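Asks: Please find structure10.pdb (PDB, C-alpha atoms) on the next line:
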ATOM      1  CA  MET A 662       3.009  -7.129 -10.988
ATOM      2  CA  HIS A 663       1.857  -8.034  -7.481
ATOM      3  CA  GLU A 664       0.119 -11.293  -8.310
ATOM      4  CA  LEU A 665       2.937 -13.456  -6.969
ATOM      5  CA  GLY A 666       2.779 -11.662  -3.630
ATOM      6  CA  ILE A 667      -0.980 -12.228  -3.534
ATOM      7  CA  VAL A 668      -0.421 -15.917  -4.320
ATOM      8  CA  PHE A 669       1.854 -16.236  -1.277
ATOM      9  CA  TYR A 670      -0.910 -14.784   0.893
ATOM     10  CA  ILE A 671      -3.467 -17.195  -0.553
ATOM     11  CA  ILE A 672      -1.139 -20.132   0.109
ATOM     12  CA  ARG A 673      -0.549 -19.003   3.679
ATOM     13  CA  ASP A 674      -4.292 -18.709   4.366
ATOM     14  CA  VAL A 675      -5.170 -22.003   2.683
ATOM     15  CA  LYS A 676      -2.430 -23.803   4.629
ATOM     16  CA  LYS A 677      -3.864 -22.458   7.856
ATOM     17  CA  VAL A 678      -7.406 -23.605   7.027
ATOM     18  CA  ALA A 679      -6.108 -27.005   5.887
ATOM     19  CA  GLU A 680      -4.256 -27.458   9.137
ATOM     20  CA  GLU A 681      -7.263 -26.466  11.231
ATOM     21  CA  ASN A 682      -9.403 -28.992   9.365
ATOM     22  CA  SER A 683      -6.743 -31.744   9.198
ATOM     23  CA  VAL A 684      -6.768 -31.743   5.401
ATOM     24  CA  GLY A 685      -3.991 -33.647   3.598
ATOM     25  CA  HIS A 686      -4.414 -32.285   0.095
ATOM     26  CA  VAL A 687      -6.347 -29.426  -1.481
ATOM     27  CA  SER A 688      -7.572 -30.002  -5.048
ATOM     28  CA  LYS A 689      -9.179 -26.647  -5.771
ATOM     29  CA  VAL A 690      -9.144 -23.109  -4.406
ATOM     30  CA  VAL A 691     -11.977 -20.810  -5.487
ATOM     31  CA  MET A 692     -11.302 -17.072  -5.450
ATOM     32  CA  SER A 693     -13.699 -14.128  -5.784
ATOM     33  CA  ILE A 694     -11.781 -11.424  -7.620
ATOM     34  CA  GLY A 695     -13.327  -7.998  -8.129
ATOM     35  CA  GLU A 696     -13.208  -6.449 -11.558
ATOM     36  CA  VAL A 697     -11.347  -3.380 -10.231
ATOM     37  CA  SER A 698      -9.205  -5.203  -7.664
ATOM     38  CA  THR A 699      -6.090  -4.594  -9.846
ATOM     39  CA  ILE A 700      -5.531  -8.371 -10.015
ATOM     40  CA  ILE A 701      -5.027  -9.775 -13.508
ATOM     41  CA  PRO A 702      -6.610 -13.257 -13.418
ATOM     42  CA  ASP A 703      -4.196 -14.802 -15.960
ATOM     43  CA  TYR A 704      -1.158 -13.600 -14.031
ATOM     44  CA  LEU A 705      -2.657 -14.855 -10.809
ATOM     45  CA  THR A 706      -3.223 -18.371 -12.180
ATOM     46  CA  ASP A 707       0.288 -18.431 -13.726
ATOM     47  CA  CYS A 708       1.905 -17.429 -10.439
ATOM     48  CA  TRP A 709      -0.351 -19.879  -8.643
ATOM     49  CA  ARG A 710       0.806 -22.824 -10.762
ATOM     50  CA  TRP A 711       4.450 -21.998 -10.108
ATOM     51  CA  ALA A 712       4.112 -21.485  -6.354
ATOM     52  CA  ALA A 713       1.401 -24.026  -5.486
ATOM     53  CA  ASP A 714       3.258 -26.961  -7.055
ATOM     54  CA  LYS A 715       6.120 -26.373  -4.633
ATOM     55  CA  GLU A 716       3.800 -27.211  -1.718
ATOM     56  CA  PRO A 717       2.856 -30.885  -1.146
ATOM     57  CA  LEU A 718      -0.526 -29.733   0.200
ATOM     58  CA  LEU A 719      -1.293 -27.873  -3.046
ATOM     59  CA  LYS A 720       0.474 -29.920  -5.708
ATOM     60  CA  GLY A 721      -1.709 -29.889  -8.841
ATOM     61  CA  CYS A 722      -4.360 -27.820  -7.059
ATOM     62  CA  THR A 723      -6.372 -25.657  -9.475
ATOM     63  CA  LEU A 724      -7.162 -22.039  -8.824
ATOM     64  CA  GLU A 725     -10.648 -21.084  -9.974
ATOM     65  CA  ILE A 726     -11.354 -17.395 -10.367
ATOM     66  CA  GLN A 727     -14.884 -16.064 -10.151
ATOM     67  CA  GLN A 728     -14.961 -12.458 -11.234
ATOM     68  CA  VAL A 729     -17.134  -9.973  -9.337
ATOM     69  CA  PRO A 730     -18.394  -7.119 -11.549
ATOM     70  CA  ALA A 731     -17.598  -3.641 -10.229
ATOM     71  CA  VAL A 732     -20.662  -1.589  -9.255
ATOM     72  CA  SER A 733     -20.654   2.003  -8.021
ATOM     73  CA  TYR A 734     -23.367   3.905  -6.170
ATOM     74  CA  CYS A 735     -24.352   7.527  -6.700
ATOM     75  CA  GLY A 736     -25.017   9.368  -3.457
ATOM     76  CA  ASP A 737     -26.915  12.144  -5.233
ATOM     77  CA  CYS A 738     -29.459  10.221  -7.322
ATOM     78  CA  ASN A 739     -29.250   6.911  -5.432
ATOM     79  CA  SER A 740     -28.594   4.840  -8.529
ATOM     80  CA  GLU A 741     -26.153   2.034  -9.226
ATOM     81  CA  PHE A 742     -23.959   1.838 -12.318
ATOM     82  CA  GLY A 743     -21.088  -0.170 -13.787
ATOM     83  CA  THR A 744     -17.775   1.263 -12.544
ATOM     84  CA  VAL A 745     -15.719   0.067 -15.499
ATOM     85  CA  ASP A 746     -18.050   1.700 -18.022
ATOM     86  CA  PHE A 747     -18.562   5.029 -16.305
ATOM     87  CA  GLY A 748     -15.728   5.500 -13.780
ATOM     88  CA  LYS A 749     -16.298   8.082 -11.083
ATOM     89  CA  LYS A 750     -19.067  10.035 -12.836
ATOM     90  CA  CYS A 751     -22.702   8.927 -12.472
ATOM     91  CA  PRO A 752     -24.140   8.344 -15.983
ATOM     92  CA  LEU A 753     -27.621   9.416 -14.844
ATOM     93  CA  CYS A 754     -27.053  12.722 -13.063
ATOM     94  CA  GLY A 755     -23.366  13.509 -13.739
ATOM     95  CA  SER A 756     -22.462  13.682 -10.049
ATOM     96  CA  GLU A 757     -19.028  12.600  -8.822
ATOM     97  CA  ASN A 758     -20.302  11.912  -5.334
ATOM     98  CA  THR A 759     -20.079   8.203  -6.034
ATOM     99  CA  TRP A 760     -18.403   5.264  -4.397
ATOM    100  CA  LEU A 761     -17.633   1.652  -5.091
ATOM    101  CA  LEU A 762     -20.183  -0.853  -3.762
ATOM    102  CA  ARG A 763     -18.381  -3.993  -4.865
ATOM    103  CA  GLY A 764     -15.670  -5.044  -7.268
ATOM    104  CA  ASN A 765     -12.422  -4.745  -5.295
ATOM    105  CA  GLU A 766     -12.636  -8.166  -3.626
ATOM    106  CA  VAL A 767      -9.590 -10.390  -3.333
ATOM    107  CA  GLU A 768     -11.288 -13.132  -1.411
ATOM    108  CA  ILE A 769     -10.767 -16.834  -0.880
ATOM    109  CA  LYS A 770     -14.292 -18.165  -1.325
ATOM    110  CA  GLU A 771     -13.831 -21.866  -0.637
ATOM    111  CA  ILE A 772     -11.465 -24.774  -1.002
ATOM    112  CA  ALA A 773     -12.112 -28.346  -2.115
ATOM    113  CA  CYS A 774     -10.135 -31.105  -0.407
ATOM    114  CA  ASP A 775      -9.531 -34.716  -1.419
TER     115      ASP A 775
ATOM    116  CA  MET B 787     -13.666 -42.377  -5.693
ATOM    117  CA  ASP B 788     -12.527 -40.201  -2.811
ATOM    118  CA  GLU B 789     -15.095 -37.896  -1.412
ATOM    119  CA  VAL B 790     -14.442 -34.215  -2.020
ATOM    120  CA  LYS B 791     -14.945 -31.987   0.973
ATOM    121  CA  VAL B 792     -15.623 -28.293   0.391
ATOM    122  CA  ILE B 793     -14.675 -25.803   3.086
ATOM    123  CA  GLU B 794     -16.178 -22.357   2.818
ATOM    124  CA  ILE B 795     -13.715 -19.583   3.725
ATOM    125  CA  LYS B 796     -15.094 -16.264   2.362
ATOM    126  CA  LYS B 797     -12.199 -14.236   3.662
ATOM    127  CA  SER B 798     -10.247 -11.382   2.148
ATOM    128  CA  VAL B 799      -6.622 -12.182   1.420
ATOM    129  CA  PHE B 800      -5.742  -8.896   3.153
ATOM    130  CA  ALA B 801      -7.709  -9.629   6.357
ATOM    131  CA  ASP B 802      -4.851 -11.168   8.354
ATOM    132  CA  ASN B 803      -2.488  -8.393   7.372
ATOM    133  CA  ASP B 804      -5.028  -5.724   8.347
ATOM    134  CA  LYS B 805      -5.383  -7.317  11.767
ATOM    135  CA  ASP B 806      -1.634  -7.611  12.171
ATOM    136  CA  ALA B 807      -1.176  -3.971  11.141
ATOM    137  CA  ASP B 808      -3.693  -2.799  13.756
ATOM    138  CA  LEU B 809      -1.837  -4.776  16.401
ATOM    139  CA  LEU B 810       1.512  -3.297  15.352
ATOM    140  CA  ARG B 811       0.025   0.216  15.451
ATOM    141  CA  LYS B 812      -1.101  -0.409  19.013
ATOM    142  CA  GLU B 813       2.303  -1.774  20.053
ATOM    143  CA  LEU B 814       4.035   1.250  18.534
ATOM    144  CA  LYS B 815       1.628   3.579  20.341
ATOM    145  CA  ASP B 816       2.557   1.877  23.616
ATOM    146  CA  SER B 817       6.256   2.368  22.917
ATOM    147  CA  GLY B 818       5.708   5.962  21.774
ATOM    148  CA  VAL B 819       7.105   5.475  18.277
ATOM    149  CA  TYR B 820       5.404   7.165  15.330
ATOM    150  CA  LEU B 821       5.698   5.150  12.115
ATOM    151  CA  LEU B 822       5.346   6.982   8.804
ATOM    152  CA  ASN B 823       4.970   4.925   5.639
ATOM    153  CA  LEU B 824       6.405   6.746   2.643
ATOM    154  CA  MET B 825       5.513   5.488  -0.817
ATOM    155  CA  SER B 826       6.060   6.597  -4.425
ATOM    156  CA  SER B 827       7.123   5.474  -7.881
ATOM    157  CA  PRO B 828      10.798   4.636  -8.413
ATOM    158  CA  GLY B 829      12.797   7.790  -9.052
ATOM    159  CA  SER B 830      10.372  10.301  -7.543
ATOM    160  CA  GLY B 831      13.040  11.495  -5.116
ATOM    161  CA  LYS B 832      12.085   9.706  -1.893
ATOM    162  CA  THR B 833      15.621   9.363  -0.577
ATOM    163  CA  THR B 834      16.665  12.942  -1.442
ATOM    164  CA  THR B 835      13.455  14.264   0.124
ATOM    165  CA  LEU B 836      14.107  12.225   3.253
ATOM    166  CA  ILE B 837      17.667  13.495   3.602
ATOM    167  CA  LYS B 838      16.596  17.145   3.295
ATOM    168  CA  THR B 839      13.664  16.694   5.666
ATOM    169  CA  ILE B 840      15.543  14.688   8.284
ATOM    170  CA  ASN B 841      18.281  17.307   8.434
ATOM    171  CA  LEU B 842      15.602  19.862   9.363
ATOM    172  CA  ILE B 843      13.994  17.782  12.118
ATOM    173  CA  LYS B 844      16.763  15.621  13.589
ATOM    174  CA  ASP B 845      17.629  18.168  16.282
ATOM    175  CA  LYS B 846      14.022  18.342  17.439
ATOM    176  CA  ILE B 847      13.006  14.662  17.464
ATOM    177  CA  ARG B 848      14.832  11.345  17.288
ATOM    178  CA  VAL B 849      14.462   9.825  13.840
ATOM    179  CA  ALA B 850      15.313   6.416  12.365
ATOM    180  CA  VAL B 851      14.798   5.198   8.812
ATOM    181  CA  MET B 852      13.961   1.777   7.394
ATOM    182  CA  GLU B 853      14.639   1.425   3.694
ATOM    183  CA  ALA B 854      12.770  -1.300   1.863
ATOM    184  CA  ASP B 855      13.974  -2.454  -1.517
ATOM    185  CA  ILE B 856      13.992  -5.613  -3.532
ATOM    186  CA  ASP B 857      17.791  -5.514  -3.522
ATOM    187  CA  SER B 858      20.881  -3.371  -2.638
ATOM    188  CA  ASP B 859      21.561  -1.090   0.304
ATOM    189  CA  VAL B 860      22.422   2.123  -1.543
ATOM    190  CA  ASP B 861      19.523   4.072  -0.002
ATOM    191  CA  ALA B 862      20.272   3.107   3.591
ATOM    192  CA  VAL B 863      23.953   3.994   3.159
ATOM    193  CA  LYS B 864      23.065   7.305   1.512
ATOM    194  CA  ILE B 865      20.697   8.274   4.340
ATOM    195  CA  LYS B 866      23.189   7.357   7.051
ATOM    196  CA  GLU B 867      26.027   9.277   5.385
ATOM    197  CA  ALA B 868      23.966  12.384   4.663
ATOM    198  CA  THR B 869      22.089  12.686   7.963
ATOM    199  CA  GLY B 870      23.991  10.649  10.559
ATOM    200  CA  ILE B 871      20.790   9.051  11.835
ATOM    201  CA  PRO B 872      20.287   5.277  12.262
ATOM    202  CA  SER B 873      19.196   3.726   8.995
ATOM    203  CA  ILE B 874      18.601   0.078   8.170
ATOM    204  CA  GLN B 875      17.943  -1.694   4.902
ATOM    205  CA  LEU B 876      15.222  -4.296   4.465
ATOM    206  CA  HIS B 877      15.117  -6.643   1.529
ATOM    207  CA  THR B 878      11.690  -7.800   0.479
ATOM    208  CA  GLY B 879      12.901 -11.025  -1.121
ATOM    209  CA  GLY B 880      11.408 -10.166  -4.481
ATOM    210  CA  MET B 881       8.117  -8.923  -3.061
ATOM    211  CA  CYS B 882       6.815  -5.652  -4.445
ATOM    212  CA  HIS B 883       5.669  -4.265  -1.105
ATOM    213  CA  LEU B 884       6.079  -4.504   2.653
ATOM    214  CA  ASP B 885       3.363  -5.919   4.865
ATOM    215  CA  ALA B 886       2.836  -5.559   8.606
ATOM    216  CA  GLU B 887       4.816  -8.692   9.453
ATOM    217  CA  MET B 888       7.833  -7.609   7.407
ATOM    218  CA  THR B 889       7.613  -4.148   8.984
ATOM    219  CA  ARG B 890       7.565  -5.720  12.443
ATOM    220  CA  GLN B 891      10.645  -7.797  11.598
ATOM    221  CA  GLY B 892      12.394  -4.671  10.355
ATOM    222  CA  LEU B 893      11.490  -2.702  13.470
ATOM    223  CA  ALA B 894      13.103  -5.415  15.590
ATOM    224  CA  ASN B 895      16.430  -4.124  14.224
ATOM    225  CA  VAL B 896      15.731  -0.507  15.156
ATOM    226  CA  ASP B 897      16.441   0.759  18.639
ATOM    227  CA  LEU B 898      12.902   1.917  19.410
ATOM    228  CA  LYS B 899      13.878   3.300  22.805
ATOM    229  CA  ASP B 900      15.925   5.886  20.957
ATOM    230  CA  ALA B 901      13.327   6.871  18.382
ATOM    231  CA  ASP B 902      10.296   9.158  18.307
ATOM    232  CA  LEU B 903       9.764   8.718  14.595
ATOM    233  CA  VAL B 904      10.544   5.843  12.247
ATOM    234  CA  ILE B 905      10.158   6.553   8.565
ATOM    235  CA  LEU B 906       9.590   3.528   6.376
ATOM    236  CA  GLU B 907      10.659   4.106   2.809
ATOM    237  CA  ASN B 908       8.512   1.540   1.035
ATOM    238  CA  VAL B 909       9.343  -0.174  -2.263
ATOM    239  CA  GLY B 910       9.042   2.227  -5.220
ATOM    240  CA  ASN B 911       5.690   1.184  -6.680
ATOM    241  CA  LEU B 912       2.258   2.823  -6.828
ATOM    242  CA  VAL B 913       0.184  -0.360  -6.843
ATOM    243  CA  CYS B 914       1.082  -3.010  -4.285
ATOM    244  CA  PRO B 915       2.252  -0.976  -1.275
ATOM    245  CA  ALA B 916      -1.172   0.715  -1.237
ATOM    246  CA  GLU B 917      -2.894  -2.612  -0.665
ATOM    247  CA  PHE B 918      -0.903  -3.673   2.362
ATOM    248  CA  ASP B 919      -1.297  -1.795   5.634
ATOM    249  CA  THR B 920       2.152  -1.652   7.254
ATOM    250  CA  GLY B 921       0.900  -0.608  10.683
ATOM    251  CA  ALA B 922       1.978   2.997  10.126
ATOM    252  CA  VAL B 923       0.169   5.910  11.781
ATOM    253  CA  ARG B 924       0.034   7.750   8.462
ATOM    254  CA  ASN B 925       0.679   7.039   4.810
ATOM    255  CA  ALA B 926       2.441   9.628   2.707
ATOM    256  CA  MET B 927       3.444   9.550  -0.934
ATOM    257  CA  ILE B 928       5.652  11.556  -3.233
ATOM    258  CA  LEU B 929       4.483  12.398  -6.717
ATOM    259  CA  SER B 930       7.138  14.029  -8.864
ATOM    260  CA  VAL B 931       6.332  16.574 -11.566
ATOM    261  CA  PRO B 932       7.675  14.522 -14.520
ATOM    262  CA  GLU B 933       5.219  11.715 -13.646
ATOM    263  CA  GLY B 934       2.272  13.956 -14.503
ATOM    264  CA  HIS B 935      -0.734  15.359 -12.655
ATOM    265  CA  ASP B 936      -3.010  12.536 -13.792
ATOM    266  CA  LYS B 937      -1.443   9.869 -11.539
ATOM    267  CA  PRO B 938      -4.305  10.051  -8.986
ATOM    268  CA  LEU B 939      -6.635   8.987 -11.793
ATOM    269  CA  LYS B 940      -4.448   6.054 -12.776
ATOM    270  CA  TYR B 941      -3.584   4.789  -9.302
ATOM    271  CA  PRO B 942      -6.760   5.515  -7.323
ATOM    272  CA  LEU B 943      -6.022   3.248  -4.357
ATOM    273  CA  MET B 944      -2.594   4.769  -3.660
ATOM    274  CA  PHE B 945      -4.077   8.268  -3.485
ATOM    275  CA  SER B 946      -7.082   7.205  -1.438
ATOM    276  CA  VAL B 947      -4.905   5.650   1.309
ATOM    277  CA  CYS B 948      -2.484   8.593   1.583
ATOM    278  CA  ASP B 949      -2.929  11.334   4.173
ATOM    279  CA  LEU B 950      -0.206  13.426   2.603
ATOM    280  CA  VAL B 951       0.832  13.902  -1.025
ATOM    281  CA  VAL B 952       4.192  15.611  -1.513
ATOM    282  CA  VAL B 953       4.619  16.997  -5.032
ATOM    283  CA  ASN B 954       8.371  16.929  -5.676
ATOM    284  CA  LYS B 955      10.632  18.448  -8.360
ATOM    285  CA  ILE B 956       8.618  21.669  -8.693
ATOM    286  CA  ASP B 957      11.785  23.319 -10.063
ATOM    287  CA  VAL B 958      11.101  21.632 -13.412
ATOM    288  CA  LEU B 959       7.450  22.768 -13.612
ATOM    289  CA  PRO B 960       8.201  25.151 -16.542
ATOM    290  CA  TYR B 961       9.364  22.212 -18.667
ATOM    291  CA  PHE B 962       6.440  19.849 -18.106
ATOM    292  CA  ASP B 963       2.698  20.013 -18.723
ATOM    293  CA  PHE B 964       2.049  19.483 -15.047
ATOM    294  CA  ASP B 965      -1.066  21.298 -13.836
ATOM    295  CA  MET B 966      -0.874  21.795 -10.055
ATOM    296  CA  GLU B 967      -4.552  22.765  -9.771
ATOM    297  CA  LYS B 968      -5.658  19.667 -11.663
ATOM    298  CA  CYS B 969      -3.355  17.599  -9.480
ATOM    299  CA  ARG B 970      -5.040  18.990  -6.343
ATOM    300  CA  GLU B 971      -8.450  18.335  -7.811
ATOM    301  CA  TYR B 972      -7.618  14.719  -8.707
ATOM    302  CA  VAL B 973      -5.978  13.997  -5.343
ATOM    303  CA  HIS B 974      -9.020  15.355  -3.493
ATOM    304  CA  MET B 975     -11.295  13.313  -5.692
ATOM    305  CA  ARG B 976      -9.593  10.235  -4.234
ATOM    306  CA  ASN B 977      -9.230  11.558  -0.713
ATOM    307  CA  PRO B 978     -10.848  14.895   0.194
ATOM    308  CA  LYS B 979      -8.794  15.076   3.420
ATOM    309  CA  ALA B 980      -5.367  14.574   1.835
ATOM    310  CA  GLN B 981      -2.877  17.368   2.364
ATOM    311  CA  ILE B 982      -0.689  18.459  -0.529
ATOM    312  CA  ILE B 983       2.768  19.969  -0.077
ATOM    313  CA  PRO B 984       4.712  21.052  -3.197
ATOM    314  CA  ILE B 985       8.483  20.873  -2.725
ATOM    315  CA  CYS B 986      11.781  20.679  -4.520
ATOM    316  CA  ALA B 987      14.041  18.327  -2.584
ATOM    317  CA  LYS B 988      17.045  19.353  -4.671
ATOM    318  CA  THR B 989      16.869  23.093  -3.908
ATOM    319  CA  GLY B 990      15.114  22.670  -0.562
ATOM    320  CA  GLU B 991      12.097  24.769  -1.576
ATOM    321  CA  GLY B 992       9.025  23.871   0.482
ATOM    322  CA  VAL B 993      10.852  21.208   2.494
ATOM    323  CA  GLU B 994      10.379  23.215   5.708
ATOM    324  CA  LYS B 995       6.609  22.797   5.261
ATOM    325  CA  LEU B 996       7.024  19.042   5.040
ATOM    326  CA  ALA B 997       9.256  19.100   8.132
ATOM    327  CA  GLU B 998       6.611  21.133   9.958
ATOM    328  CA  TRP B 999       3.864  18.664   8.955
ATOM    329  CA  ILE B1000       5.895  15.754  10.323
ATOM    330  CA  LEU B1001       6.785  17.528  13.587
ATOM    331  CA  ASN B1002       3.131  18.490  14.160
ATOM    332  CA  GLU B1003       1.947  14.982  13.368
ATOM    333  CA  VAL B1004       4.342  13.375  15.834
ATOM    334  CA  LYS B1005       3.551  15.956  18.531
ATOM    335  CA  ASN B1006      -0.228  15.611  18.188
ATOM    336  CA  TRP B1007      -0.028  11.833  18.100
ATOM    337  CA  LYS B1008       2.139  11.712  21.243
ATOM    338  CA  ASN B1009      -0.289  14.006  23.074
ATOM    339  CA  ASN B1010      -3.349  11.960  22.242
TER     340      ASN B1010
END
Step by step, read the file and then write its structure as structure tokens.

Replies:
Amino acid sequence: MHELGIVFYIIRDVKKVAEENSVGHVSKVVMSIGEVSTIIPDYLTDCWRWAADKEPLLKGCTLEIQQVPAVSYCGDCNSEFGTVDFGKKCPLCGSENTWLLRGNEVEIKEIACD
Amino acid sequence: MDEVKVIEIKKSVFADNDKDADLLRKELKDSGVYLLNLMSSPGSGKTTTLIKTINLIKDKIRVAVMEADIDSDVDAVKIKEATGIPSIQLHTGGMCHLDAEMTRQGLANVDLKDADLVILENVGNLVCPAEFDTGAVRNAMILSVPEGHDKPLKYPLMFSVCDLVVVNKIDVLPYFDFDMEKCREYVHMRNPKAQIIPICAKTGEGVEKLAEWILNEVKNWKNN
């Protein structure tokens, strides 16, 4: 439900970078999106198409999403495990003293300019 | 063929907002105004809770309220009529949350010289408002009994950013399978330091504890 809001933030940031680098048109924006970032990639690209085409700088610009798998760390047995498969509980020792290492990124990785 | 130039950015979409929120927090500290960000699902009783709480604290500190909604001004009008304190309505223009910049714009319409505490009633939503730091000193949320005790499991980020969880509508506990102990356990799983205050805004039960928490917060913050 918040993908459109996120798109506005991406556009604002990309515009800023484009201005700083005197870029006239951006053809591709590459995003790193964590698996547990609560962003639904399809919604994000749909919202992107609608909003980006309204900006001359981003007309026709594609949004590429690279998904980052979510990995958690167990503080008790020092192991790493897939967050989506096991949630909060460590599959090796059963501890809940675990935290997310990566997977909640909503990051602009790079942009390609004509 | 035109040459394609790639510019590496590697920056979180939330980075600018986080920076802006820190700046706003500092500005508010300098003007001695405590900003509390109140979040919840739609219909959890935010406005009723605010009215009851404000009526208990308005003689002790100066309070103002900023209501954020996608549309309408029913909440701001309700607060003003029921408490007599200054209350303004912000429209988010379709956005599902407030960010630091929108909060700053809203605060420009509040007379900060006449306020010790500004309560921001965020858009009713458990997902997006948790992602955007508004510049508030503390985040609080209201979870109402009919929503169920498992909400901290379903909306982990919301519960991990909140310093206070108010459990509202405890008068209907006998009619729902809401387990208060489980709720505590799940909230603390997300944030071990979160405080939990059960209340019923309708009858007023427990509201004095919430009022006390707010008064203590503002006092301690002003003294530090």

Asks: Up to 9 Å from (8.9, -1.9, 26.8) in the file's coordinates: name the residues, counting only C-alpha atoms, as a list in words.

Replies: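 Counting only C-alpha atoms, I find these residues within 9 Å of (8.9, -1.9, 26.8): Asp816, Ser817 and Lys899 of chain B.
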
Asks: Quick one: apply the PyMOL selection byres ((chain B and resi 849) around 6) to the file and drop the selected residues here as a VMD selection string.

Replies: chain B and resid 848 850 901 903 to 904

Asks: Let me know the residues the PyMOL selection byres ((chain B) within 12 of (chain A)) catches in the file above, as a VMD selection string.

Replies: chain B and resid 787 to 803 878 to 885 887 911 to 918 939 to 944 946 972 974 to 978

Asks: Within 12 Å of (-0.1, -19.0, -14.1) (coordinates as in the file), grab all the protein and nucleic acid residues, counting only C-alpha atoms, and write them out as a PyMOL selection string.

Replies: chain A and resi 664-665+668+701-714+723-726

Asks: Let me see the file: selected residues, C-alpha atoms, as a PDB file, in the frame of the given file.

Replies:
ATOM      1  CA  GLU A 664       0.119 -11.293  -8.310  1.00  0.00           C
ATOM      2  CA  LEU A 665       2.937 -13.456  -6.969  1.00  0.00           C
ATOM      3  CA  VAL A 668      -0.421 -15.917  -4.320  1.00  0.00           C
ATOM      4  CA  ILE A 701      -5.027  -9.775 -13.508  1.00  0.00           C
ATOM      5  CA  PRO A 702      -6.610 -13.257 -13.418  1.00  0.00           C
ATOM      6  CA  ASP A 703      -4.196 -14.802 -15.960  1.00  0.00           C
ATOM      7  CA  TYR A 704      -1.158 -13.600 -14.031  1.00  0.00           C
ATOM      8  CA  LEU A 705      -2.657 -14.855 -10.809  1.00  0.00           C
ATOM      9  CA  THR A 706      -3.223 -18.371 -12.180  1.00  0.00           C
ATOM     10  CA  ASP A 707       0.288 -18.431 -13.726  1.00  0.00           C
ATOM     11  CA  CYS A 708       1.905 -17.429 -10.439  1.00  0.00           C
ATOM     12  CA  TRP A 709      -0.351 -19.879  -8.643  1.00  0.00           C
ATOM     13  CA  ARG A 710       0.806 -22.824 -10.762  1.00  0.00           C
ATOM     14  CA  TRP A 711       4.450 -21.998 -10.108  1.00  0.00           C
ATOM     15  CA  ALA A 712       4.112 -21.485  -6.354  1.00  0.00           C
ATOM     16  CA  ALA A 713       1.401 -24.026  -5.486  1.00  0.00           C
ATOM     17  CA  ASP A 714       3.258 -26.961  -7.055  1.00  0.00           C
ATOM     18  CA  THR A 723      -6.372 -25.657  -9.475  1.00  0.00           C
ATOM     19  CA  LEU A 724      -7.162 -22.039  -8.824  1.00  0.00           C
ATOM     20  CA  GLU A 725     -10.648 -21.084  -9.974  1.00  0.00           C
ATOM     21  CA  ILE A 726     -11.354 -17.395 -10.367  1.00  0.00           C
TER      22      ILE A 726
END

Asks: List the residues matched by the PyMOL selection byres ((chain B and resi 871) around 10) in the displayed structure as a list in words, ordered by chain and then by residue number.

Replies: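 What the PyMOL selection byres ((chain B and resi 871) around 10) grabs from the file is Ile837, Ile840, Asn841, Lys844, Arg848, Val849, Ala850, Val851, Ile865, Lys866, Glu867, Ala868, Thr869, Gly870, Pro872, Ser873 and Ile874 of chain B.
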
Asks: Go ahead and write the residues just picked, C-alpha atoms, as a JSON list (two decimals), keeping the file's coordinate frame.

Replies:
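Wrote it out as out_16.json, contents follow:
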[["chain", "number", "residue", "atom", "x", "y", "z"],
["B", 837, "ILE", "CA", 17.67, 13.50, 3.60],
["B", 840, "ILE", "CA", 15.54, 14.69, 8.28],
["B", 841, "ASN", "CA", 18.28, 17.31, 8.43],
["B", 844, "LYS", "CA", 16.76, 15.62, 13.59],
["B", 848, "ARG", "CA", 14.83, 11.34, 17.29],
["B", 849, "VAL", "CA", 14.46, 9.82, 13.84],
["B", 850, "ALA", "CA", 15.31, 6.42, 12.36],
["B", 851, "VAL", "CA", 14.80, 5.20, 8.81],
["B", 865, "ILE", "CA", 20.70, 8.27, 4.34],
["B", 866, "LYS", "CA", 23.19, 7.36, 7.05],
["B", 867, "GLU", "CA", 26.03, 9.28, 5.38],
["B", 868, "ALA", "CA", 23.97, 12.38, 4.66],
["B", 869, "THR", "CA", 22.09, 12.69, 7.96],
["B", 870, "GLY", "CA", 23.99, 10.65, 10.56],
["B", 872, "PRO", "CA", 20.29, 5.28, 12.26],
["B", 873, "SER", "CA", 19.20, 3.73, 8.99],
["B", 874, "ILE", "CA", 18.60, 0.08, 8.17]]

Asks: If I take atom CA of B:Leu809 and atom CA of B:Gln981, how far is one from the other in Å, to one decimal?

Replies: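 That distance, rounded to one decimal, is 26.2 Å.
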
Asks: Excluding B:Asn954 and its own-chain neighbours fewer than 5 positions away, which residues fall within 7 Å of it when counting all atoms listed in the file? Please give them as a VMD selection string.

Replies: chain B and resid 928 to 931 984 to 987

Asks: Any chance you can output those residues with C-alpha atoms as a PDB file, in the frame of the given file?

Replies:
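Printed below is out-v2.pdb as written:
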ATOM      1  CA  ILE B 928       5.652  11.556  -3.233  1.00  0.00           C
ATOM      2  CA  LEU B 929       4.483  12.398  -6.717  1.00  0.00           C
ATOM      3  CA  SER B 930       7.138  14.029  -8.864  1.00  0.00           C
ATOM      4  CA  VAL B 931       6.332  16.574 -11.566  1.00  0.00           C
ATOM      5  CA  PRO B 984       4.712  21.052  -3.197  1.00  0.00           C
ATOM      6  CA  ILE B 985       8.483  20.873  -2.725  1.00  0.00           C
ATOM      7  CA  CYS B 986      11.781  20.679  -4.520  1.00  0.00           C
ATOM      8  CA  ALA B 987      14.041  18.327  -2.584  1.00  0.00           C
TER       9      ALA B 987
END

Asks: Kindly provide, as AutoDock Vina command-line options, the centre and edge lengths (Å, one decimal) of an axis-aligned box around all atoms of stretch 950-964 of chain B given in the file, with 3 Å on each side.

Replies:
--center_x 5.8 --center_y 19.3 --center_z -8.1 --size_x 18.0 --size_y 17.7 --size_z 27.3

Asks: Find the residues near stretch 959-963 of chain B: any atom within 8 Å, counting only C-alpha atoms, skip ones fewer than 4 places away on the same chain, and give them as a list in words.

Replies: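 Selected residues are Val931, Pro932, Gly934 and Lys955 of chain B.
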